$ cat target15.cif   # mmCIF, C-alpha atoms
data_query
#
loop_
_atom_site.label_atom_id
_atom_site.label_comp_id
_atom_site.auth_asym_id
_atom_site.auth_seq_id
_atom_site.Cartn_x
_atom_site.Cartn_y
_atom_site.Cartn_z
CA MET A 220 108.67 66.92 113.18
CA THR A 221 111.51 67.38 115.57
CA SER A 222 111.69 65.57 118.87
CA ASN A 223 111.35 68.76 120.97
CA LEU A 224 107.58 68.75 120.31
CA THR A 225 105.20 66.62 122.31
CA SER A 226 103.05 64.07 120.51
CA GLU A 227 100.02 66.36 120.78
CA GLU A 228 101.99 69.29 119.38
CA GLN A 229 103.35 67.14 116.58
CA ALA A 230 99.85 66.02 115.64
CA ALA A 231 98.55 69.61 115.70
CA ALA A 232 101.42 70.93 113.60
CA ALA A 233 101.05 68.03 111.15
CA ALA A 234 97.36 68.85 110.77
CA VAL A 235 98.20 72.46 109.99
CA GLU A 236 100.80 71.34 107.45
CA ARG A 237 98.30 69.05 105.74
CA SER A 238 95.72 71.81 105.68
CA ALA A 239 98.21 74.29 104.19
CA ALA A 240 99.38 71.74 101.63
CA THR A 241 95.89 71.01 100.40
CA SER A 242 94.28 74.42 100.73
CA GLN A 243 96.22 77.05 98.81
CA LEU A 244 99.07 77.58 96.35
CA ARG A 245 100.44 80.97 95.35
CA PHE A 246 102.08 80.88 91.92
CA ALA A 247 103.19 83.29 89.22
CA THR A 248 103.50 83.07 85.46
CA ALA A 249 106.41 84.65 83.57
CA GLY A 250 108.11 84.51 80.21
CA SER A 251 109.05 86.56 77.20
CA VAL A 252 106.68 88.73 75.17
CA ASP A 253 103.97 86.81 73.30
CA ASP A 254 104.91 83.46 74.82
CA GLY A 255 101.26 83.04 75.78
CA LYS A 256 101.16 83.68 79.53
CA SER A 257 97.75 85.32 79.59
CA THR A 258 96.37 82.69 77.24
CA LEU A 259 97.63 79.94 79.56
CA VAL A 260 96.00 81.63 82.54
CA GLY A 261 92.78 82.06 80.62
CA ARG A 262 92.86 78.40 79.57
CA LEU A 263 93.40 77.32 83.20
CA LEU A 264 90.45 79.41 84.34
CA HIS A 265 88.22 78.32 81.47
CA ASP A 266 88.94 74.60 81.50
CA SER A 267 88.81 74.35 85.30
CA LYS A 268 85.30 75.88 85.17
CA SER A 269 86.43 78.96 87.11
CA VAL A 270 84.95 81.54 84.72
CA LEU A 271 81.48 82.95 85.23
CA ALA A 272 79.13 83.01 82.25
CA ASP A 273 78.99 86.82 82.11
CA GLN A 274 82.79 87.02 82.16
CA LEU A 275 83.06 84.59 79.27
CA GLU A 276 80.43 86.51 77.34
CA ALA A 277 82.31 89.78 77.90
CA VAL A 278 85.48 88.18 76.57
CA ALA A 279 83.63 86.78 73.56
CA HIS A 280 82.15 90.22 72.83
CA ALA A 281 85.56 91.91 73.11
CA SER A 282 87.07 89.26 70.85
CA ARG A 283 84.37 89.72 68.19
CA SER A 284 84.93 93.49 68.25
CA ARG A 285 88.57 92.78 67.38
CA GLY A 286 87.59 90.54 64.47
CA GLN A 287 88.28 87.23 66.25
CA GLU A 288 85.78 84.42 65.78
CA VAL A 289 87.01 82.41 68.78
CA PRO A 290 87.06 84.01 72.29
CA ASP A 291 90.55 85.22 73.18
CA LEU A 292 91.06 83.69 76.62
CA ALA A 293 93.97 86.05 77.30
CA LEU A 294 91.40 88.81 77.85
CA LEU A 295 90.35 87.07 81.06
CA THR A 296 93.53 88.44 82.64
CA ASP A 297 94.49 91.41 80.46
CA GLY A 298 91.96 93.76 82.02
CA LEU A 299 93.52 97.18 81.44
CA ARG A 300 92.39 99.03 78.33
CA ALA A 301 96.00 99.54 77.20
CA GLU A 302 96.63 95.82 77.60
CA ARG A 303 93.68 94.88 75.42
CA GLU A 304 94.48 97.48 72.78
CA GLN A 305 98.12 96.43 72.48
CA GLY A 306 97.61 92.72 73.13
CA ILE A 307 100.22 92.70 75.89
CA THR A 308 100.34 92.36 79.67
CA ILE A 309 101.47 95.51 81.48
CA ASP A 310 100.53 95.10 85.13
CA VAL A 311 100.44 92.08 87.44
CA ALA A 312 96.98 90.51 87.20
CA TYR A 313 95.90 88.52 90.25
CA ARG A 314 93.31 85.81 89.81
CA TYR A 315 91.72 83.45 92.32
CA PHE A 316 90.33 80.06 91.42
CA ALA A 317 89.88 76.65 92.96
CA THR A 318 89.57 72.97 92.17
CA PRO A 319 88.35 70.21 94.50
CA LYS A 320 91.97 69.59 95.52
CA ARG A 321 93.36 73.09 96.08
CA ARG A 322 92.74 76.84 96.03
CA PHE A 323 95.02 79.05 93.96
CA ILE A 324 96.25 82.64 93.99
CA LEU A 325 97.73 83.35 90.58
CA ALA A 326 99.85 86.32 89.51
CA ASP A 327 100.07 86.80 85.74
CA THR A 328 103.18 88.96 85.26
CA PRO A 329 104.34 90.99 82.22
CA GLY A 330 106.92 89.72 79.77
CA HIS A 331 108.49 92.98 78.58
CA VAL A 332 111.95 93.86 79.91
CA GLN A 333 110.71 97.24 81.17
CA TYR A 334 108.19 95.46 83.42
CA THR A 335 110.68 93.14 85.14
CA ARG A 336 109.86 94.92 88.42
CA ASN A 337 106.26 93.72 88.05
CA MET A 338 107.52 90.16 87.75
CA VAL A 339 109.47 90.66 90.98
CA THR A 340 106.29 91.87 92.66
CA GLY A 341 104.27 88.88 91.49
CA ALA A 342 106.91 86.27 92.32
CA SER A 343 108.01 87.68 95.68
CA THR A 344 105.41 85.67 97.59
CA ALA A 345 105.00 82.81 95.10
CA GLU A 346 105.72 79.21 96.01
CA LEU A 347 105.89 78.23 92.34
CA ALA A 348 106.75 80.03 89.10
CA VAL A 349 105.56 78.96 85.67
CA VAL A 350 108.05 80.18 83.04
CA LEU A 351 106.70 79.99 79.50
CA VAL A 352 108.82 79.50 76.39
CA ASP A 353 107.64 79.74 72.78
CA ALA A 354 108.57 76.40 71.21
CA ARG A 355 109.51 78.21 67.99
CA ASN A 356 111.96 80.59 69.69
CA GLY A 357 113.39 78.47 72.49
CA VAL A 358 115.16 79.97 75.50
CA VAL A 359 115.71 83.71 74.96
CA GLU A 360 117.26 86.44 77.10
CA GLN A 361 114.01 87.30 78.88
CA THR A 362 113.52 83.61 79.71
CA ARG A 363 116.89 83.63 81.43
CA ARG A 364 116.03 86.90 83.16
CA HIS A 365 112.84 85.46 84.64
CA ALA A 366 114.58 82.24 85.68
CA ALA A 367 117.24 84.35 87.41
CA VAL A 368 114.61 86.45 89.20
CA ALA A 369 112.88 83.27 90.39
CA ALA A 370 116.22 82.01 91.70
CA LEU A 371 117.00 85.32 93.40
CA LEU A 372 113.60 85.29 95.11
CA ARG A 373 114.17 81.68 96.21
CA VAL A 374 110.96 80.42 94.58
CA PRO A 375 111.09 76.73 95.56
CA HIS A 376 109.38 75.25 92.47
CA VAL A 377 109.76 76.25 88.80
CA VAL A 378 107.69 74.86 85.92
CA LEU A 379 109.00 75.24 82.37
CA ALA A 380 105.94 75.33 80.12
CA VAL A 381 107.06 74.93 76.49
CA ASN A 382 104.10 76.57 74.77
CA LYS A 383 102.81 76.64 71.18
CA MET A 384 103.81 73.03 70.57
CA ASP A 385 101.03 72.95 67.94
CA LEU A 386 103.14 75.32 65.82
CA VAL A 387 106.09 72.91 65.74
CA ASP A 388 103.97 69.85 64.94
CA TYR A 389 104.18 68.62 68.56
CA ALA A 390 107.76 67.50 67.91
CA GLU A 391 109.38 65.80 70.91
CA PRO A 392 112.98 66.75 69.92
CA VAL A 393 112.06 70.45 69.99
CA PHE A 394 110.68 70.11 73.52
CA ALA A 395 113.60 67.99 74.71
CA ALA A 396 116.22 70.49 73.47
CA ILE A 397 114.47 73.46 75.12
CA ALA A 398 113.94 71.57 78.37
CA ALA A 399 117.60 70.53 78.51
CA GLU A 400 118.89 74.07 77.87
CA PHE A 401 116.60 75.69 80.43
CA THR A 402 117.17 73.04 83.08
CA THR A 403 120.94 73.41 82.80
CA TYR A 404 120.72 77.19 83.13
CA ALA A 405 118.21 77.20 86.01
CA ALA A 406 120.13 74.52 87.90
CA SER A 407 123.27 76.66 87.66
CA LEU A 408 121.35 79.41 89.47
CA GLY A 409 120.43 77.05 92.29
CA VAL A 410 116.76 76.50 91.42
CA PRO A 411 115.92 73.43 93.54
CA GLU A 412 113.17 71.87 91.41
CA ILE A 413 112.37 72.20 87.70
CA THR A 414 109.47 70.48 85.93
CA ALA A 415 109.18 70.73 82.13
CA ILE A 416 105.76 70.34 80.47
CA PRO A 417 104.98 70.63 76.71
CA ILE A 418 101.72 72.53 76.15
CA SER A 419 99.56 74.44 73.72
CA ALA A 420 97.64 77.03 75.72
CA LEU A 421 95.57 78.04 72.69
CA ALA A 422 94.46 74.47 71.90
CA GLY A 423 94.41 73.31 75.53
CA ASP A 424 97.02 70.55 75.19
CA ASN A 425 98.41 69.46 78.58
CA VAL A 426 97.01 72.49 80.40
CA VAL A 427 94.05 70.91 82.18
CA THR A 428 93.52 67.79 80.07
CA PRO A 429 96.21 65.46 78.66
CA SER A 430 97.11 66.01 75.03
CA ALA A 431 96.17 63.44 72.41
CA ASN A 432 98.81 64.99 70.15
CA MET A 433 101.78 64.28 72.42
CA ASP A 434 101.53 60.63 73.41
CA TRP A 435 105.32 60.64 73.85
CA TYR A 436 104.87 62.76 77.00
CA GLY A 437 103.92 60.84 80.12
CA GLY A 438 104.13 63.54 82.78
CA PRO A 439 101.41 65.60 84.48
CA THR A 440 99.40 68.41 82.94
CA VAL A 441 99.98 71.90 84.26
CA LEU A 442 96.92 71.73 86.52
CA GLU A 443 97.80 68.26 87.81
CA HIS A 444 101.24 69.52 88.81
CA LEU A 445 99.79 72.62 90.46
CA GLU A 446 97.38 70.44 92.44
CA THR A 447 100.02 68.01 93.68
CA VAL A 448 103.23 70.02 94.15
CA PRO A 449 104.24 70.04 97.84
CA VAL A 450 103.42 73.34 99.53
CA GLY A 451 104.51 74.63 102.89
CA THR A 452 107.28 73.56 105.23
CA ASP A 453 107.56 72.00 108.66
CA PRO A 454 107.33 75.06 110.95
CA SER A 455 109.41 73.37 113.65
CA GLN A 456 112.42 73.30 111.29
CA ASP A 457 112.75 77.11 111.27
CA PRO A 458 113.75 79.42 114.15
CA ALA A 459 110.79 81.29 115.57
CA ARG A 460 110.40 84.92 114.49
CA PHE A 461 107.57 87.04 115.89
CA PRO A 462 107.46 90.69 114.72
CA VAL A 463 105.32 92.73 117.12
CA GLN A 464 102.54 94.54 115.33
CA TYR A 465 100.54 95.97 118.23
CA VAL A 466 100.81 96.21 122.01
CA ILE A 467 97.53 95.44 123.80
CA ARG A 468 97.00 97.30 127.11
CA PRO A 469 93.28 97.25 128.05
CA GLN A 470 93.85 98.79 131.50
CA THR A 471 90.34 97.86 132.54
CA ALA A 472 89.01 96.67 135.88
CA GLU A 473 88.94 93.13 134.52
CA HIS A 474 92.46 93.32 133.05
CA PRO A 475 94.29 96.05 134.96
CA ASP A 476 97.82 94.76 134.33
CA TYR A 477 97.40 92.88 131.04
CA ARG A 478 100.15 93.49 128.50
CA GLY A 479 100.01 91.44 125.28
CA TYR A 480 102.01 91.60 122.08
CA ALA A 481 100.00 90.91 118.94
CA GLY A 482 101.25 89.97 115.48
CA GLN A 483 101.70 87.21 112.95
CA ILE A 484 104.33 84.52 113.50
CA ALA A 485 106.72 84.92 110.56
CA SER A 486 108.39 81.53 111.00
CA GLY A 487 108.88 78.68 113.43
CA VAL A 488 106.98 77.59 116.54
CA LEU A 489 106.28 79.46 119.78
CA ARG A 490 105.54 77.58 123.01
CA VAL A 491 104.57 78.62 126.49
CA GLY A 492 107.71 78.41 128.62
CA ASP A 493 110.11 79.34 125.80
CA ALA A 494 112.97 81.63 126.74
CA VAL A 495 112.92 84.54 124.30
CA THR A 496 114.94 87.62 123.46
CA VAL A 497 113.39 90.91 122.35
CA LEU A 498 115.33 92.65 119.59
CA PRO A 499 116.90 95.11 119.10
CA SER A 500 117.03 95.80 122.85
CA GLY A 501 118.38 92.33 123.72
CA ARG A 502 116.18 92.03 126.83
CA THR A 503 115.13 88.48 127.75
CA SER A 504 112.00 86.93 129.21
CA THR A 505 109.79 83.82 129.08
CA ILE A 506 106.51 83.25 127.22
CA THR A 507 103.73 82.85 129.78
CA GLY A 508 100.71 82.74 127.47
CA ILE A 509 99.63 82.51 123.83
CA ASP A 510 96.18 83.70 122.75
CA ALA A 511 95.07 82.38 119.33
CA LEU A 512 91.68 83.64 118.19
CA GLY A 513 90.46 84.12 121.73
CA ALA A 514 91.58 80.71 122.98
CA MET A 515 94.62 80.18 125.19
CA VAL A 516 96.98 77.60 123.66
CA ASP A 517 100.34 76.12 124.62
CA VAL A 518 101.85 76.17 121.12
CA ALA A 519 101.46 78.25 117.95
CA TRP A 520 103.26 78.24 114.62
CA ALA A 521 103.70 80.25 111.44
CA PRO A 522 101.68 81.83 109.90
CA GLN A 523 99.20 82.07 112.78
CA SER A 524 98.24 85.49 114.19
CA VAL A 525 98.46 85.43 117.98
CA THR A 526 98.90 87.53 121.09
CA VAL A 527 101.86 86.64 123.31
CA THR A 528 102.33 87.51 126.98
CA LEU A 529 105.71 87.52 128.74
CA ALA A 530 106.80 86.99 132.33
CA ASP A 531 108.43 90.43 132.52
CA ASP A 532 107.12 93.92 131.80
CA LEU A 533 109.56 94.95 129.09
CA ASP A 534 109.64 98.08 126.96
CA ILE A 535 108.35 96.51 123.74
CA SER A 536 106.69 98.37 120.87
CA ARG A 537 105.63 97.87 117.26
CA GLY A 538 108.58 96.77 115.15
CA ASP A 539 110.38 94.81 117.86
CA LEU A 540 111.15 91.16 117.13
CA ILE A 541 110.61 88.34 119.63
CA ALA A 542 112.86 85.32 118.96
CA PRO A 543 114.10 82.27 120.90
CA SER A 544 117.11 83.18 122.98
CA ASP A 545 119.17 80.28 121.60
CA HIS A 546 118.38 81.11 117.94
CA ALA A 547 118.08 84.90 117.91
CA PRO A 548 119.32 86.74 114.81
CA GLU A 549 122.24 89.13 115.03
CA THR A 550 121.45 92.83 114.99
CA THR A 551 123.33 95.18 112.70
CA GLN A 552 123.24 98.67 111.26
CA ASP A 553 125.27 97.68 108.20
CA VAL A 554 123.22 95.78 105.64
CA ALA A 555 124.55 94.21 102.43
CA ALA A 556 121.79 93.00 100.12
CA THR A 557 120.69 92.15 96.61
CA VAL A 558 117.95 94.52 95.46
CA CYS A 559 115.62 95.06 92.53
CA HIS A 560 114.96 98.73 91.89
CA LEU A 561 111.28 99.33 91.18
CA HIS A 562 110.94 103.08 90.71
CA ASP A 563 111.53 105.17 87.59
CA ARG A 564 113.79 107.48 89.59
CA PRO A 565 117.27 105.93 89.90
CA LEU A 566 118.65 104.75 93.23
CA ARG A 567 121.98 106.47 93.88
CA VAL A 568 124.80 106.35 96.41
CA GLY A 569 123.99 108.80 99.20
CA ASP A 570 120.21 108.57 98.82
CA ARG A 571 118.26 108.88 102.05
CA VAL A 572 115.50 106.30 102.35
CA LEU A 573 113.22 104.57 104.82
CA LEU A 574 113.81 100.84 105.30
CA LYS A 575 110.72 98.76 106.12
CA HIS A 576 111.42 95.30 107.56
CA THR A 577 108.43 93.27 108.80
CA THR A 578 106.61 95.74 111.10
CA ARG A 579 109.62 98.03 111.66
CA THR A 580 110.46 101.17 109.67
CA MET A 581 113.65 103.22 110.11
CA LYS A 582 115.89 105.70 108.32
CA ALA A 583 118.77 104.46 106.18
CA ILE A 584 121.44 105.74 103.76
CA ILE A 585 122.64 104.10 100.56
CA LYS A 586 126.35 103.94 101.35
CA ASP A 587 127.50 102.03 98.27
CA ILE A 588 126.26 100.26 95.13
CA PRO A 589 129.10 97.77 94.49
CA SER A 590 127.66 96.16 91.36
CA ARG A 591 124.79 95.78 88.93
CA LEU A 592 123.87 92.29 87.77
CA THR A 593 123.65 91.45 84.07
CA LEU A 594 121.11 88.64 84.04
CA ALA A 595 121.89 87.53 80.49
CA ASP A 596 125.25 86.08 81.55
CA LEU A 597 125.16 86.63 85.36
CA SER A 598 128.15 88.97 85.19
CA HIS A 599 128.60 91.89 87.59
CA HIS A 600 129.05 95.43 86.29
CA PRO A 601 131.21 97.01 89.02
CA ALA A 602 130.48 100.37 90.67
CA PRO A 603 127.55 101.47 88.47
CA GLY A 604 126.88 104.45 90.74
CA GLU A 605 123.12 104.02 90.44
CA LEU A 606 120.39 101.49 89.74
CA ALA A 607 117.70 102.33 87.20
CA ALA A 608 114.18 100.90 87.08
CA ASN A 609 114.21 97.08 86.75
CA ASP A 610 117.94 96.87 87.58
CA ILE A 611 119.12 94.20 90.01
CA GLY A 612 122.29 94.87 91.95
CA ARG A 613 124.14 94.85 95.23
CA VAL A 614 123.79 97.66 97.76
CA VAL A 615 125.32 98.50 101.13
CA LEU A 616 123.07 100.34 103.59
CA ARG A 617 123.57 101.99 106.95
CA THR A 618 120.48 102.08 109.18
CA SER A 619 119.70 104.57 111.93
CA GLU A 620 118.92 101.80 114.42
CA PRO A 621 120.05 98.21 114.94
CA LEU A 622 118.08 95.81 112.74
CA ALA A 623 117.40 92.12 113.42
CA LEU A 624 117.68 90.75 109.89
CA ASP A 625 117.97 87.15 108.69
CA ALA A 626 119.64 86.15 105.44
CA TYR A 627 117.05 85.89 102.66
CA GLU A 628 118.19 82.37 101.80
CA GLU A 629 117.21 81.34 105.32
CA SER A 630 113.91 83.22 105.53
CA ARG A 631 112.04 84.91 102.69
CA ARG A 632 109.89 86.73 105.26
CA THR A 633 112.43 88.13 107.72
CA GLY A 634 115.24 88.37 105.16
CA SER A 635 113.40 90.80 102.88
CA PHE A 636 112.77 94.53 103.13
CA LEU A 637 111.55 97.55 101.18
CA LEU A 638 113.21 100.90 100.60
CA ILE A 639 110.73 103.78 100.68
CA ASP A 640 110.93 107.43 99.68
CA PRO A 641 110.72 109.39 102.96
CA ALA A 642 109.17 112.38 101.17
CA ASP A 643 106.05 110.76 99.74
CA GLY A 644 106.02 107.11 100.90
CA THR A 645 106.62 105.69 97.41
CA THR A 646 108.13 102.20 97.28
CA LEU A 647 111.53 102.45 95.63
CA THR A 648 113.32 99.13 95.94
CA ALA A 649 112.80 95.53 97.06
CA GLY A 650 115.72 94.03 98.97
CA MET A 651 116.96 90.57 99.90
CA ALA A 652 119.55 90.45 102.66
CA GLY A 653 122.73 88.48 102.12
CA ASP A 654 124.29 87.04 98.99
CA SER A 655 122.51 86.38 95.71
CA PHE A 656 122.85 83.09 93.81
CA ALA A 657 126.00 84.43 92.11
CA ALA A 658 129.25 85.53 93.75
CA SER A 659 128.59 88.97 95.07
CA ALA A 660 130.95 91.86 94.66
CA ASP A 661 132.78 92.97 97.77
CA GLY A 662 131.20 95.98 99.39
CA ALA A 663 133.38 99.05 99.30
CA GLU A 664 133.78 101.55 102.07
CA ALA A 665 131.03 104.13 102.38
CA ALA A 666 131.34 106.79 99.73
CA ARG A 667 130.40 109.71 101.96
CA ASP A 668 128.47 110.77 105.04
CA ASP A 669 125.41 112.97 104.77
CA GLU A 670 124.60 115.58 107.38
CA GLY A 671 121.67 114.51 109.52
CA TRP A 672 121.83 110.94 108.18
CA ASP A 673 125.28 109.91 109.38
CA PHE A 674 124.68 106.81 111.50
#
$ encode --input "target15.cif" --output "structure tokens"
Amino acid sequence: MTSNLTSEEQAAAAAVERSAATSQLRFATAGSVDDGKSTLVGRLLHDSKSVLADQLEAVAHASRSRGQEVPDLALLTDGLRAEREQGITIDVAYRYFATPKRRFILADTPGHVQYTRNMVTGASTAELAVVLVDARNGVVEQTRRHAAVAALLRVPHVVLAVNKMDLVDYAEPVFAAIAAEFTTYAASLGVPEITAIPISALAGDNVVTPSANMDWYGGPTVLEHLETVPVGTDPSQDPARFPVQYVIRPQTAEHPDYRGYAGQIASGVLRVGDAVTVLPSGRTSTITGIDALGAMVDVAWAPQSVTVTLADDLDISRGDLIAPSDHAPETTQDVAATVCHLHDRPLRVGDRVLLKHTTRTMKAIIKDIPSRLTLADLSHHPAPGELAANDIGRVVLRTSEPLALDAYEESRRTGSFLLIDPADGTTLTAGMAGDSFAASADGAEAARDDEGWDF
């Protein structure tokens, strides 16, 4: 904790940190086709006693109908009919389970190249990514692609699970070579922490219980690592960001002049007495009260949902951002970002879109697409003109209003945004403000102005 908190505030924040660290972990699985992601997830659920009897019986029945004598644990996550028929994962499958030490939210993501956008969806909020590799095939292009996506999304912890070790006679040299190659590649992308674990999801080796077949490995099992990996950060280390979601004006006899601003603290700590700036207007005031679940408190921190009152009656509405005056983000209408295009319709220069950032939505124009990233070798294809589904590239946007946007590397919450089709509300693109892990191409001047959307 930093010294600007009182001892009581430090103790309260520390308690919240401990609770967050021991209560919940969001993680995603990724890897190439047939590396065994769904089987690993099924093994985790089965061996941690997180599968109900009727679910297991349904899986056993489905397996028998396919001619399999042993229940196919992958069917615990592959729930779509097309997934079961083809034996592949198509959509992101979310599963919830718990052990005595921690609760988990798990996103099992597809391995096919055409479903890279689904992997982005699953990993966007993950604190850990498990990247599987088939021990027989080693690191392949899709492995590198998923490692690069995890790095782009600033996932703080990455686990390399070298699967199907039973098919290579549990050979330590095979594991060591794959671990060394992947670690070198991921480290070059800026992944801060990489843990390599040899497993057999089908046989259960090193998933929940230690393997008797790999006595040369002395590290944790997958579940042990998931239960003990540090989660959460010290909220006092980040600048406070409070996107306003709703303005509360009861205008009753009991509260005739009450004006509160409700929302979820995106990062940092808010305290009564803090000098704050409201963006994009730039007006300043002081926090006079914080209401957390009906109780007035002197301090609140991310990710609490609170209502804040200010000393001055300012024109504040949904989408405005309240931030400390000495650490307020800059506002801009020109946004350079790394994006992953999610829609089947290409994103092109000149497209008119809606940009959604926290609780704020505004019009924007795609002014330039300087480059498309080739994840196999991290090279930039200059001036592609458009981004197709699953493409990752650089874009330059012009917004209709000033936007208070942090760099994604500084804040995953206030540095991210979505591009939306203004005609039907379809999500088109996920964006991360600022530079990617690789050297970004220089943004060119705007290609053209569009009538009615020239900001």
$ closest_residue --input "target15.cif" --among "A:Ala405, A:Val495, A:Ala247, A:Ala511" --to "Pro548 in chain A" --atoms "all atoms listed in the file"
A:Val495
$ resolve_selection --input "target15.cif" --expression "the PyMOL selection byres ((chain A and resi 377) around 12)" --output "PyMOL selection string"
chain A and resi 246-249+342+345-351+365-370+372-376+378-380+401-402+405-406+409-416+441+444-445+448
$ resolve_selection --input "target15.cif" --expression "the PyMOL selection byres ((chain A and resi 636) around 9)" --output "ChimeraX atom specification"
/A:574-577,632-635,637-638,648-652
$ atom_distance --input "target15.cif" --atom1 "CA of Ser257 in chain A" --atom2 "CA of Gln243 in chain A"
21.0 Å
$ atom_distance --input "target15.cif" --atom1 "CA of Pro641 in chain A" --atom2 "CA of Arg571 in chain A"
7.6 Å
$ residues_around --input "target15.cif" --residues "Ser524 in chain A" --least-positions-apart "3" --cutoff "8 Å" --atoms "only C-alpha atoms" --output "VMD selection string"
chain A and resid 481 to 484 511 to 512
